[in-house]
Amino acid sequence: MRTIYSISFALLLSLFSLPVLAQRSTLYPRTIQPSTMIGVRGGLGIAGESITPPFSDFTLGTHTGFLLGGQLDYWFDPQWALSVQALYDQKGASLQSISNGGVQNETDDLTLGYLEVPVLAKVQFGSSSVRPYLFAGPSLGFLLSANTHQVITSYGQTTSDQTFDETNTFQTFDLSLLFGAGASYQLTGGTQLFLDAGYALGLINVEKNANTGTSETIGSRDIRIAAGAMFPLQ
């Protein structure tokens with residue numbers, strides 16, 4: 001009989017303890033372990049330039065290139081992460097001039113190849129399979145190549161088609177502020193597929209005025225549209 005009383009008392013004590021344990025778990029939630037993900041991204045860059053003062057004899061347009069590289073995300077918790085990318089990114093612009101009463105046309109397509117390293121703060125929303133996110137931070141650009149493809153036509157016929165090396169015309173470093181938004185799709189096993197778009201605003205003059213003999217200021221501008229996949233490391 002004493003054994004039955006002891007068991008009954010233990011069961012009652014356990015039942016009365018459940019609310020206390022539940023409250024304790026609320027006050028002291030389980031520690032969330034950081035996680036790391038690695039992956040690839042690729043897409044298109046729609047680039048242009050801000051030129052001050054603007055060229056009076058040329059119309060400024062955009063240049064479409066590609067970007068490709070890797071990405072590392074360190075998640076402090078399910079919402080916040082530090083995202084670092086290493087990309088080959090094509091920037092540039094196009095210039096067009098029409099002269100001699102419209103019979104002569106010159107088109108200069110400028111392509112700047114950069115090793116681009118964005119270092120971004122990333123915030124993710126929701127807990128469903130589709131999760132939107134925002135990101136912002138600096139993007140460091142290291143010039144790898146620069147060239148201009150120039151085509152001159154006269155009376156509808158091509159009179160000149162040349163490519164010039166412009167490496168000495170531009171600074172070896174560019175600094176941009178990158179911000180944008182996207183969404184990820186969560187697969188089983190922790191893998192993510194994502195699609196995002198960002199805008200990079202150049203913060204410095206990328207032209208070497210000492211080499212060009214001009215006083216203009218050229219700032220990079222580009223829209224980046226990319227997709228990719230991320231895989232958990234732990």
# chains A, B, ... in the order shown; residues from 1 in each chain; ligands from 1
>>> closest_atom_pairs(of="region 18-121 of chain A", to="region 173-194 of chain A", cutoff="9 Å", atoms="only C-alpha atoms", output="tab-separated table")
residue	atom	partner	partner_atom	distance
A:Met37	CA	A:Thr191	CA	8.7
A:Arg41	CA	A:Phe194	CA	8.8
A:Tyr114	CA	A:Asp174	CA	8.8
A:Glu116	CA	A:Asp174	CA	8.9
A:Pro118	CA	A:Leu178	CA	7.5
A:Val119	CA	A:Leu178	CA	9.0
A:Leu120	CA	A:Leu178	CA	8.0
>>> closest_residue(among="A:Gln85, A:Lys122, A:Ser97, A:Gly202", to="Ile38 (chain A)", atoms="only C-alpha atoms")
A:Gln85
>>> atom_distance(atom1="CA of Arg224 (chain A)", atom2="CA of Ile204 (chain A)")
18.9 Å
>>> atom_distance(atom1="CA of Val117 (chain A)", atom2="CA of Thr172 (chain A)")
13.9 Å
>>> select_by_dssp(residues="chain A", states="strand (DSSP E)", output="CSV table (one decimal) with N, CA and C atoms, in the first residue's frame")
chain,number,residue,atom,x,y,z
A,35,SER,N,24.4,28.6,-37.9
A,35,SER,CA,24.6,27.7,-39.0
A,35,SER,C,25.3,28.4,-40.2
A,36,THR,N,25.9,27.6,-41.0
A,36,THR,CA,26.7,28.1,-42.2
A,36,THR,C,26.2,27.4,-43.4
A,37,MET,N,26.0,28.2,-44.5
A,37,MET,CA,25.6,27.7,-45.8
A,37,MET,C,26.5,28.2,-46.9
A,38,ILE,N,26.8,27.4,-47.9
A,38,ILE,CA,27.6,27.8,-49.0
A,38,ILE,C,26.9,27.4,-50.3
A,39,GLY,N,27.2,28.2,-51.3
A,39,GLY,CA,26.5,28.0,-52.6
A,39,GLY,C,27.0,28.8,-53.7
A,40,VAL,N,26.3,28.8,-54.8
A,40,VAL,CA,26.6,29.4,-56.0
A,40,VAL,C,25.5,30.4,-56.5
A,41,ARG,N,25.9,31.4,-57.2
A,41,ARG,CA,24.9,32.3,-57.8
A,41,ARG,C,25.4,32.8,-59.1
A,42,GLY,N,24.4,33.1,-60.0
A,42,GLY,CA,24.7,33.5,-61.3
A,42,GLY,C,23.5,34.4,-61.9
A,43,GLY,N,23.8,35.3,-62.8
A,43,GLY,CA,22.7,36.1,-63.3
A,43,GLY,C,23.3,37.1,-64.3
A,44,LEU,N,22.5,38.2,-64.4
A,44,LEU,CA,22.8,39.3,-65.3
A,44,LEU,C,23.0,40.6,-64.5
A,45,GLY,N,23.8,41.4,-65.1
A,45,GLY,CA,24.0,42.8,-64.5
A,45,GLY,C,23.7,43.8,-65.6
A,46,ILE,N,22.8,44.7,-65.3
A,46,ILE,CA,22.4,45.8,-66.2
A,46,ILE,C,23.1,47.1,-65.7
A,47,ALA,N,24.2,47.4,-66.3
A,47,ALA,CA,25.1,48.4,-65.8
A,47,ALA,C,25.0,49.7,-66.5
A,48,GLY,N,25.3,50.8,-65.8
A,48,GLY,CA,25.4,52.1,-66.4
A,48,GLY,C,26.4,53.0,-65.6
A,49,GLU,N,26.6,54.2,-66.0
A,49,GLU,CA,27.5,55.1,-65.3
A,49,GLU,C,26.8,56.5,-65.1
A,50,SER,N,27.2,57.1,-64.0
A,50,SER,CA,26.8,58.5,-63.8
A,50,SER,C,28.1,59.3,-64.1
A,51,ILE,N,27.9,60.2,-65.1
A,51,ILE,CA,29.1,61.0,-65.6
A,51,ILE,C,28.7,62.5,-65.3
A,52,THR,N,29.6,63.2,-64.5
A,52,THR,CA,29.4,64.6,-64.2
A,52,THR,C,30.7,65.4,-64.6
A,59,THR,N,25.2,60.1,-76.3
A,59,THR,CA,24.0,59.7,-75.5
A,59,THR,C,24.5,58.5,-74.7
A,60,LEU,N,24.2,58.5,-73.4
A,60,LEU,CA,24.7,57.5,-72.5
A,60,LEU,C,23.6,56.4,-72.3
A,61,GLY,N,24.0,55.1,-72.4
A,61,GLY,CA,23.1,54.0,-72.3
A,61,GLY,C,23.7,53.0,-71.4
A,63,HIS,N,24.8,48.9,-70.3
A,63,HIS,CA,25.6,47.7,-70.8
A,63,HIS,C,25.1,46.5,-70.0
A,64,THR,N,24.7,45.4,-70.7
A,64,THR,CA,24.3,44.2,-70.1
A,64,THR,C,25.4,43.2,-70.1
A,65,GLY,N,25.8,42.7,-68.9
A,65,GLY,CA,26.8,41.7,-68.7
A,65,GLY,C,26.3,40.5,-67.9
A,66,PHE,N,27.2,39.7,-67.4
A,66,PHE,CA,26.8,38.6,-66.6
A,66,PHE,C,27.6,38.6,-65.3
A,67,LEU,N,27.1,37.9,-64.3
A,67,LEU,CA,27.8,37.8,-63.0
A,67,LEU,C,27.8,36.3,-62.6
A,68,LEU,N,28.8,35.8,-62.0
A,68,LEU,CA,28.9,34.4,-61.6
A,68,LEU,C,29.9,34.3,-60.5
A,69,GLY,N,29.5,33.5,-59.5
A,69,GLY,CA,30.5,33.3,-58.4
A,69,GLY,C,29.8,32.5,-57.2
A,70,GLY,N,30.5,32.6,-56.0
A,70,GLY,CA,30.0,31.8,-54.9
A,70,GLY,C,29.6,32.7,-53.8
A,71,GLN,N,29.0,32.1,-52.8
A,71,GLN,CA,28.4,32.8,-51.6
A,71,GLN,C,28.5,32.0,-50.4
A,72,LEU,N,28.7,32.7,-49.3
A,72,LEU,CA,28.8,32.1,-47.9
A,72,LEU,C,27.9,32.8,-47.0
A,73,ASP,N,26.9,32.2,-46.4
A,73,ASP,CA,26.0,32.8,-45.4
A,73,ASP,C,26.2,32.2,-44.1
A,74,TYR,N,26.4,33.1,-43.1
A,74,TYR,CA,26.6,32.7,-41.7
A,74,TYR,C,25.3,33.2,-41.0
A,75,TRP,N,24.5,32.2,-40.5
A,75,TRP,CA,23.2,32.6,-39.9
A,75,TRP,C,23.4,32.6,-38.4
A,80,TRP,N,18.6,36.4,-39.0
A,80,TRP,CA,19.7,37.3,-39.3
A,80,TRP,C,20.9,36.5,-39.8
A,81,ALA,N,21.6,37.0,-40.9
A,81,ALA,CA,22.8,36.4,-41.4
A,81,ALA,C,23.8,37.4,-41.9
A,82,LEU,N,25.0,37.0,-42.0
A,82,LEU,CA,26.1,37.8,-42.7
A,82,LEU,C,26.4,37.0,-44.0
A,83,SER,N,26.2,37.7,-45.1
A,83,SER,CA,26.4,37.1,-46.4
A,83,SER,C,27.6,37.7,-47.1
A,84,VAL,N,28.5,36.8,-47.5
A,84,VAL,CA,29.7,37.3,-48.3
A,84,VAL,C,29.8,36.6,-49.6
A,85,GLN,N,29.9,37.4,-50.7
A,85,GLN,CA,30.0,36.8,-52.0
A,85,GLN,C,31.3,37.1,-52.7
A,86,ALA,N,31.7,36.3,-53.6
A,86,ALA,CA,32.9,36.5,-54.5
A,86,ALA,C,32.4,36.3,-55.9
A,87,LEU,N,32.3,37.3,-56.7
A,87,LEU,CA,31.7,37.3,-58.0
A,87,LEU,C,32.6,37.8,-59.1
A,88,TYR,N,32.5,37.3,-60.3
A,88,TYR,CA,33.0,38.0,-61.5
A,88,TYR,C,31.8,38.8,-62.0
A,89,ASP,N,31.9,40.1,-62.1
A,89,ASP,CA,30.8,41.0,-62.4
A,89,ASP,C,31.2,41.9,-63.5
A,90,GLN,N,30.4,41.9,-64.6
A,90,GLN,CA,30.7,42.8,-65.7
A,90,GLN,C,29.9,44.1,-65.5
A,91,LYS,N,30.6,45.2,-65.4
A,91,LYS,CA,30.0,46.5,-65.4
A,91,LYS,C,30.3,47.3,-66.7
A,92,GLY,N,29.9,48.6,-66.8
A,92,GLY,CA,30.2,49.3,-68.0
A,92,GLY,C,29.1,50.2,-68.4
A,93,ALA,N,29.1,50.6,-69.7
A,93,ALA,CA,28.1,51.5,-70.2
A,93,ALA,C,28.2,51.5,-71.7
A,94,SER,N,27.3,52.1,-72.4
A,94,SER,CA,27.4,52.3,-73.8
A,94,SER,C,27.2,53.8,-74.2
A,95,LEU,N,27.9,54.3,-75.2
A,95,LEU,CA,27.9,55.7,-75.6
A,95,LEU,C,27.6,55.7,-77.1
A,96,GLN,N,26.7,56.6,-77.5
A,96,GLN,CA,26.4,56.7,-78.9
A,96,GLN,C,26.4,58.1,-79.4
A,97,SER,N,27.0,58.3,-80.6
A,97,SER,CA,27.0,59.7,-81.1
A,97,SER,C,26.7,59.7,-82.6
A,98,ILE,N,25.8,60.6,-83.0
A,98,ILE,CA,25.5,60.8,-84.4
A,98,ILE,C,25.9,62.1,-84.9
A,99,SER,N,26.6,62.2,-86.0
A,99,SER,CA,27.2,63.4,-86.5
A,99,SER,C,27.1,63.5,-88.0
A,104,GLN,N,26.8,59.7,-90.0
A,104,GLN,CA,27.9,59.0,-89.3
A,104,GLN,C,27.5,58.7,-87.9
A,105,ASN,N,27.7,57.4,-87.5
A,105,ASN,CA,27.2,57.0,-86.2
A,105,ASN,C,28.4,56.3,-85.5
A,106,GLU,N,28.6,56.7,-84.3
A,106,GLU,CA,29.7,56.0,-83.5
A,106,GLU,C,29.1,55.4,-82.2
A,107,THR,N,29.4,54.1,-82.0
A,107,THR,CA,28.9,53.4,-80.8
A,107,THR,C,30.1,52.9,-80.0
A,108,ASP,N,30.2,53.2,-78.7
A,108,ASP,CA,31.3,52.7,-77.9
A,108,ASP,C,30.7,51.9,-76.8
A,109,ASP,N,31.0,50.6,-76.7
A,109,ASP,CA,30.5,49.7,-75.7
A,109,ASP,C,31.6,49.4,-74.7
A,110,LEU,N,31.5,50.0,-73.5
A,110,LEU,CA,32.5,49.8,-72.5
A,110,LEU,C,32.2,48.7,-71.6
A,111,THR,N,33.2,47.7,-71.4
A,111,THR,CA,33.0,46.6,-70.5
A,111,THR,C,34.1,46.6,-69.5
A,112,LEU,N,33.7,46.6,-68.2
A,112,LEU,CA,34.6,46.6,-67.1
A,112,LEU,C,34.4,45.3,-66.3
A,113,GLY,N,35.4,44.5,-66.2
A,113,GLY,CA,35.3,43.2,-65.5
A,113,GLY,C,35.9,43.4,-64.1
A,114,TYR,N,35.1,43.0,-63.1
A,114,TYR,CA,35.5,43.2,-61.7
A,114,TYR,C,35.4,41.9,-60.9
A,115,LEU,N,36.3,41.7,-60.0
A,115,LEU,CA,36.1,40.8,-58.9
A,115,LEU,C,35.4,41.5,-57.9
A,116,GLU,N,34.1,41.2,-57.7
A,116,GLU,CA,33.2,41.9,-56.8
A,116,GLU,C,33.0,41.1,-55.5
A,117,VAL,N,33.2,41.8,-54.3
A,117,VAL,CA,33.1,41.1,-53.0
A,117,VAL,C,32.0,41.9,-52.2
A,118,PRO,N,30.7,41.5,-52.3
A,118,PRO,CA,29.7,42.1,-51.4
A,118,PRO,C,29.8,41.5,-50.0
A,119,VAL,N,29.7,42.4,-49.0
A,119,VAL,CA,29.6,42.0,-47.6
A,119,VAL,C,28.3,42.5,-47.0
A,120,LEU,N,27.3,41.6,-46.8
A,120,LEU,CA,26.0,42.1,-46.7
A,120,LEU,C,25.4,41.6,-45.4
A,121,ALA,N,24.5,42.4,-44.8
A,121,ALA,CA,23.7,42.0,-43.7
A,121,ALA,C,22.4,41.5,-44.3
A,122,LYS,N,21.9,40.4,-43.9
A,122,LYS,CA,20.7,39.8,-44.5
A,122,LYS,C,19.7,39.5,-43.4
A,123,VAL,N,18.4,39.8,-43.7
A,123,VAL,CA,17.3,39.5,-42.8
A,123,VAL,C,16.3,38.8,-43.5
A,124,GLN,N,15.8,37.7,-42.9
A,124,GLN,CA,14.8,36.8,-43.6
A,124,GLN,C,13.5,36.7,-42.7
A,130,VAL,N,8.7,29.1,-48.4
A,130,VAL,CA,9.1,30.3,-49.2
A,130,VAL,C,9.3,31.5,-48.2
A,131,ARG,N,10.5,32.0,-48.2
A,131,ARG,CA,10.9,33.0,-47.2
A,131,ARG,C,11.5,34.2,-47.9
A,132,PRO,N,10.8,35.4,-47.9
A,132,PRO,CA,11.4,36.6,-48.4
A,132,PRO,C,12.6,37.1,-47.6
A,133,TYR,N,13.5,37.9,-48.2
A,133,TYR,CA,14.6,38.5,-47.4
A,133,TYR,C,15.0,39.8,-48.0
A,134,LEU,N,15.7,40.6,-47.2
A,134,LEU,CA,16.3,41.9,-47.6
A,134,LEU,C,17.8,41.8,-47.3
A,135,PHE,N,18.5,42.6,-48.0
A,135,PHE,CA,20.0,42.6,-47.8
A,135,PHE,C,20.5,44.0,-48.1
A,136,ALA,N,21.6,44.4,-47.5
A,136,ALA,CA,22.3,45.7,-47.7
A,136,ALA,C,23.7,45.6,-47.2
A,137,GLY,N,24.6,46.4,-47.8
A,137,GLY,CA,26.0,46.4,-47.3
A,137,GLY,C,26.9,46.9,-48.4
A,138,PRO,N,28.2,47.1,-48.1
A,138,PRO,CA,29.1,47.5,-49.1
A,138,PRO,C,29.5,46.4,-50.1
A,139,SER,N,29.9,46.8,-51.3
A,139,SER,CA,30.4,45.9,-52.3
A,139,SER,C,31.7,46.4,-52.8
A,140,LEU,N,32.8,45.6,-52.6
A,140,LEU,CA,34.1,46.0,-53.0
A,140,LEU,C,34.4,45.4,-54.4
A,141,GLY,N,34.9,46.3,-55.3
A,141,GLY,CA,35.2,45.9,-56.7
A,141,GLY,C,36.7,46.0,-57.0
A,142,PHE,N,37.3,45.0,-57.6
A,142,PHE,CA,38.7,45.0,-57.9
A,142,PHE,C,38.8,44.8,-59.4
A,143,LEU,N,39.2,45.8,-60.2
A,143,LEU,CA,39.2,45.8,-61.6
A,143,LEU,C,40.2,44.7,-62.2
A,144,LEU,N,39.6,43.9,-63.1
A,144,LEU,CA,40.4,42.8,-63.7
A,144,LEU,C,40.6,43.2,-65.2
A,145,SER,N,39.7,43.9,-65.8
A,145,SER,CA,39.9,44.2,-67.2
A,145,SER,C,39.0,45.4,-67.6
A,146,ALA,N,39.4,46.1,-68.6
A,146,ALA,CA,38.5,47.2,-69.1
A,146,ALA,C,38.8,47.4,-70.6
A,147,ASN,N,37.8,47.4,-71.4
A,147,ASN,CA,38.0,47.6,-72.9
A,147,ASN,C,36.7,48.2,-73.5
A,148,THR,N,36.9,48.9,-74.6
A,148,THR,CA,35.9,49.6,-75.3
A,148,THR,C,35.8,49.0,-76.7
A,149,HIS,N,34.6,48.5,-77.1
A,149,HIS,CA,34.4,48.1,-78.5
A,149,HIS,C,33.8,49.2,-79.2
A,150,GLN,N,34.5,49.8,-80.2
A,150,GLN,CA,34.0,51.0,-80.9
A,150,GLN,C,33.7,50.6,-82.4
A,151,VAL,N,32.5,51.0,-82.8
A,151,VAL,CA,32.0,50.7,-84.1
A,151,VAL,C,31.6,52.1,-84.7
A,152,ILE,N,32.1,52.4,-85.9
A,152,ILE,CA,31.8,53.6,-86.6
A,152,ILE,C,31.2,53.3,-88.0
A,153,THR,N,30.0,53.8,-88.2
A,153,THR,CA,29.4,53.6,-89.5
A,153,THR,C,29.2,54.9,-90.2
A,154,SER,N,29.2,54.9,-91.6
A,154,SER,CA,29.0,56.1,-92.4
A,154,SER,C,28.1,55.7,-93.6
A,157,GLN,N,27.3,52.0,-93.7
A,157,GLN,CA,28.4,51.1,-93.9
A,157,GLN,C,29.4,51.2,-92.8
A,158,THR,N,29.9,50.1,-92.3
A,158,THR,CA,30.9,50.1,-91.2
A,158,THR,C,32.3,50.5,-91.7
A,159,THR,N,32.8,51.6,-91.2
A,159,THR,CA,34.1,52.1,-91.6
A,159,THR,C,35.2,51.8,-90.6
A,160,SER,N,34.8,51.5,-89.3
A,160,SER,CA,35.8,51.1,-88.3
A,160,SER,C,35.1,50.2,-87.3
A,161,ASP,N,35.9,49.2,-86.9
A,161,ASP,CA,35.4,48.2,-85.9
A,161,ASP,C,36.6,47.8,-85.1
A,162,GLN,N,36.8,48.4,-83.9
A,162,GLN,CA,38.0,48.2,-83.1
A,162,GLN,C,37.7,48.0,-81.6
A,163,THR,N,38.6,47.4,-80.9
A,163,THR,CA,38.6,47.2,-79.5
A,163,THR,C,39.8,47.8,-78.8
A,164,PHE,N,39.6,48.7,-77.8
A,164,PHE,CA,40.7,49.3,-77.2
A,164,PHE,C,40.8,48.9,-75.7
A,165,ASP,N,42.1,48.7,-75.3
A,165,ASP,CA,42.3,48.4,-73.9
A,165,ASP,C,42.2,49.7,-73.0
A,173,PHE,N,40.1,50.0,-58.1
A,173,PHE,CA,39.2,49.7,-57.0
A,173,PHE,C,37.9,50.5,-57.2
A,174,ASP,N,36.8,49.9,-56.9
A,174,ASP,CA,35.5,50.5,-56.9
A,174,ASP,C,34.8,50.1,-55.6
A,175,LEU,N,34.0,51.1,-55.0
A,175,LEU,CA,33.2,50.8,-53.8
A,175,LEU,C,31.8,51.2,-54.1
A,176,SER,N,30.9,50.3,-53.8
A,176,SER,CA,29.5,50.5,-54.0
A,176,SER,C,28.7,50.2,-52.8
A,177,LEU,N,27.5,50.8,-52.7
A,177,LEU,CA,26.5,50.4,-51.7
A,177,LEU,C,25.5,49.5,-52.4
A,178,LEU,N,25.3,48.3,-51.9
A,178,LEU,CA,24.4,47.3,-52.6
A,178,LEU,C,23.3,47.0,-51.6
A,179,PHE,N,22.1,47.1,-52.2
A,179,PHE,CA,20.9,46.8,-51.4
A,179,PHE,C,19.8,46.1,-52.3
A,180,GLY,N,19.0,45.3,-51.7
A,180,GLY,CA,18.0,44.6,-52.6
A,180,GLY,C,17.1,43.7,-51.8
A,181,ALA,N,16.4,42.8,-52.5
A,181,ALA,CA,15.5,41.9,-51.9
A,181,ALA,C,15.4,40.6,-52.7
A,182,GLY,N,14.9,39.6,-52.1
A,182,GLY,CA,14.7,38.3,-52.8
A,182,GLY,C,13.9,37.3,-52.0
A,183,ALA,N,13.9,36.1,-52.5
A,183,ALA,CA,13.1,35.1,-51.8
A,183,ALA,C,13.8,33.7,-52.0
A,184,SER,N,13.8,32.9,-50.9
A,184,SER,CA,14.3,31.6,-51.0
A,184,SER,C,13.3,30.5,-50.8
A,185,TYR,N,13.5,29.4,-51.4
A,185,TYR,CA,12.6,28.2,-51.3
A,185,TYR,C,13.3,27.1,-50.6
A,186,GLN,N,12.8,26.6,-49.5
A,186,GLN,CA,13.5,25.7,-48.6
A,186,GLN,C,13.1,24.3,-49.1
A,192,GLN,N,18.6,25.4,-50.1
A,192,GLN,CA,17.8,26.5,-50.5
A,192,GLN,C,18.0,26.9,-51.9
A,193,LEU,N,16.9,27.2,-52.6
A,193,LEU,CA,17.0,27.8,-53.9
A,193,LEU,C,16.6,29.3,-53.8
A,194,PHE,N,17.2,30.2,-54.5
A,194,PHE,CA,16.9,31.6,-54.2
A,194,PHE,C,16.9,32.4,-55.6
A,195,LEU,N,16.2,33.5,-55.5
A,195,LEU,CA,16.1,34.5,-56.6
A,195,LEU,C,16.1,35.9,-56.0
A,196,ASP,N,17.0,36.8,-56.4
A,196,ASP,CA,17.0,38.1,-55.8
A,196,ASP,C,17.5,39.1,-56.8
A,197,ALA,N,17.3,40.4,-56.5
A,197,ALA,CA,17.7,41.5,-57.3
A,197,ALA,C,18.2,42.6,-56.4
A,198,GLY,N,19.3,43.3,-56.8
A,198,GLY,CA,19.9,44.3,-56.0
A,198,GLY,C,20.3,45.5,-56.9
A,199,TYR,N,20.5,46.6,-56.3
A,199,TYR,CA,21.0,47.8,-57.0
A,199,TYR,C,22.3,48.3,-56.3
A,200,ALA,N,23.3,48.4,-57.1
A,200,ALA,CA,24.7,48.9,-56.6
A,200,ALA,C,24.9,50.3,-57.0
A,201,LEU,N,25.1,51.2,-56.0
A,201,LEU,CA,25.3,52.6,-56.2
A,201,LEU,C,26.8,52.9,-56.0
A,202,GLY,N,27.5,53.2,-57.0
A,202,GLY,CA,28.9,53.5,-56.8
A,202,GLY,C,29.2,54.8,-56.0
A,217,THR,N,33.7,63.2,-63.3
A,217,THR,CA,33.6,62.2,-62.3
A,217,THR,C,32.7,61.1,-62.8
A,218,ILE,N,33.1,59.8,-62.8
A,218,ILE,CA,32.4,58.7,-63.3
A,218,ILE,C,32.1,57.7,-62.1
A,219,GLY,N,30.8,57.5,-61.9
A,219,GLY,CA,30.4,56.6,-60.8
A,219,GLY,C,29.6,55.4,-61.4
A,220,SER,N,29.9,54.2,-60.9
A,220,SER,CA,29.3,53.0,-61.4
A,220,SER,C,27.9,52.9,-60.9
A,221,ARG,N,27.0,52.3,-61.7
A,221,ARG,CA,25.6,52.0,-61.4
A,221,ARG,C,25.3,50.6,-62.0
A,222,ASP,N,24.7,49.7,-61.2
A,222,ASP,CA,24.2,48.5,-61.9
A,222,ASP,C,23.2,47.8,-61.1
A,223,ILE,N,22.3,47.2,-61.8
A,223,ILE,CA,21.2,46.3,-61.3
A,223,ILE,C,21.6,44.9,-61.4
A,224,ARG,N,21.6,44.1,-60.4
A,224,ARG,CA,22.0,42.7,-60.4
A,224,ARG,C,20.8,41.8,-60.1
A,225,ILE,N,20.6,40.9,-61.1
A,225,ILE,CA,19.5,39.9,-61.0
A,225,ILE,C,20.1,38.5,-61.0
A,226,ALA,N,19.9,37.8,-59.9
A,226,ALA,CA,20.7,36.5,-59.8
A,226,ALA,C,19.8,35.4,-59.2
A,227,ALA,N,20.2,34.2,-59.5
A,227,ALA,CA,19.5,33.0,-58.9
A,227,ALA,C,20.6,32.0,-58.5
A,228,GLY,N,20.3,31.1,-57.6
A,228,GLY,CA,21.3,30.1,-57.2
A,228,GLY,C,20.8,29.1,-56.2
A,229,ALA,N,21.7,28.5,-55.6
A,229,ALA,CA,21.4,27.4,-54.6
A,229,ALA,C,22.4,27.5,-53.4
A,230,MET,N,21.9,27.3,-52.2
A,230,MET,CA,22.7,27.3,-51.0
A,230,MET,C,22.6,25.9,-50.3
A,231,PHE,N,23.7,25.4,-49.8
A,231,PHE,CA,23.8,24.1,-49.2
A,231,PHE,C,24.3,24.2,-47.7
A,232,PRO,N,23.7,23.5,-46.8
A,232,PRO,CA,24.2,23.7,-45.4
A,232,PRO,C,25.5,23.0,-45.2
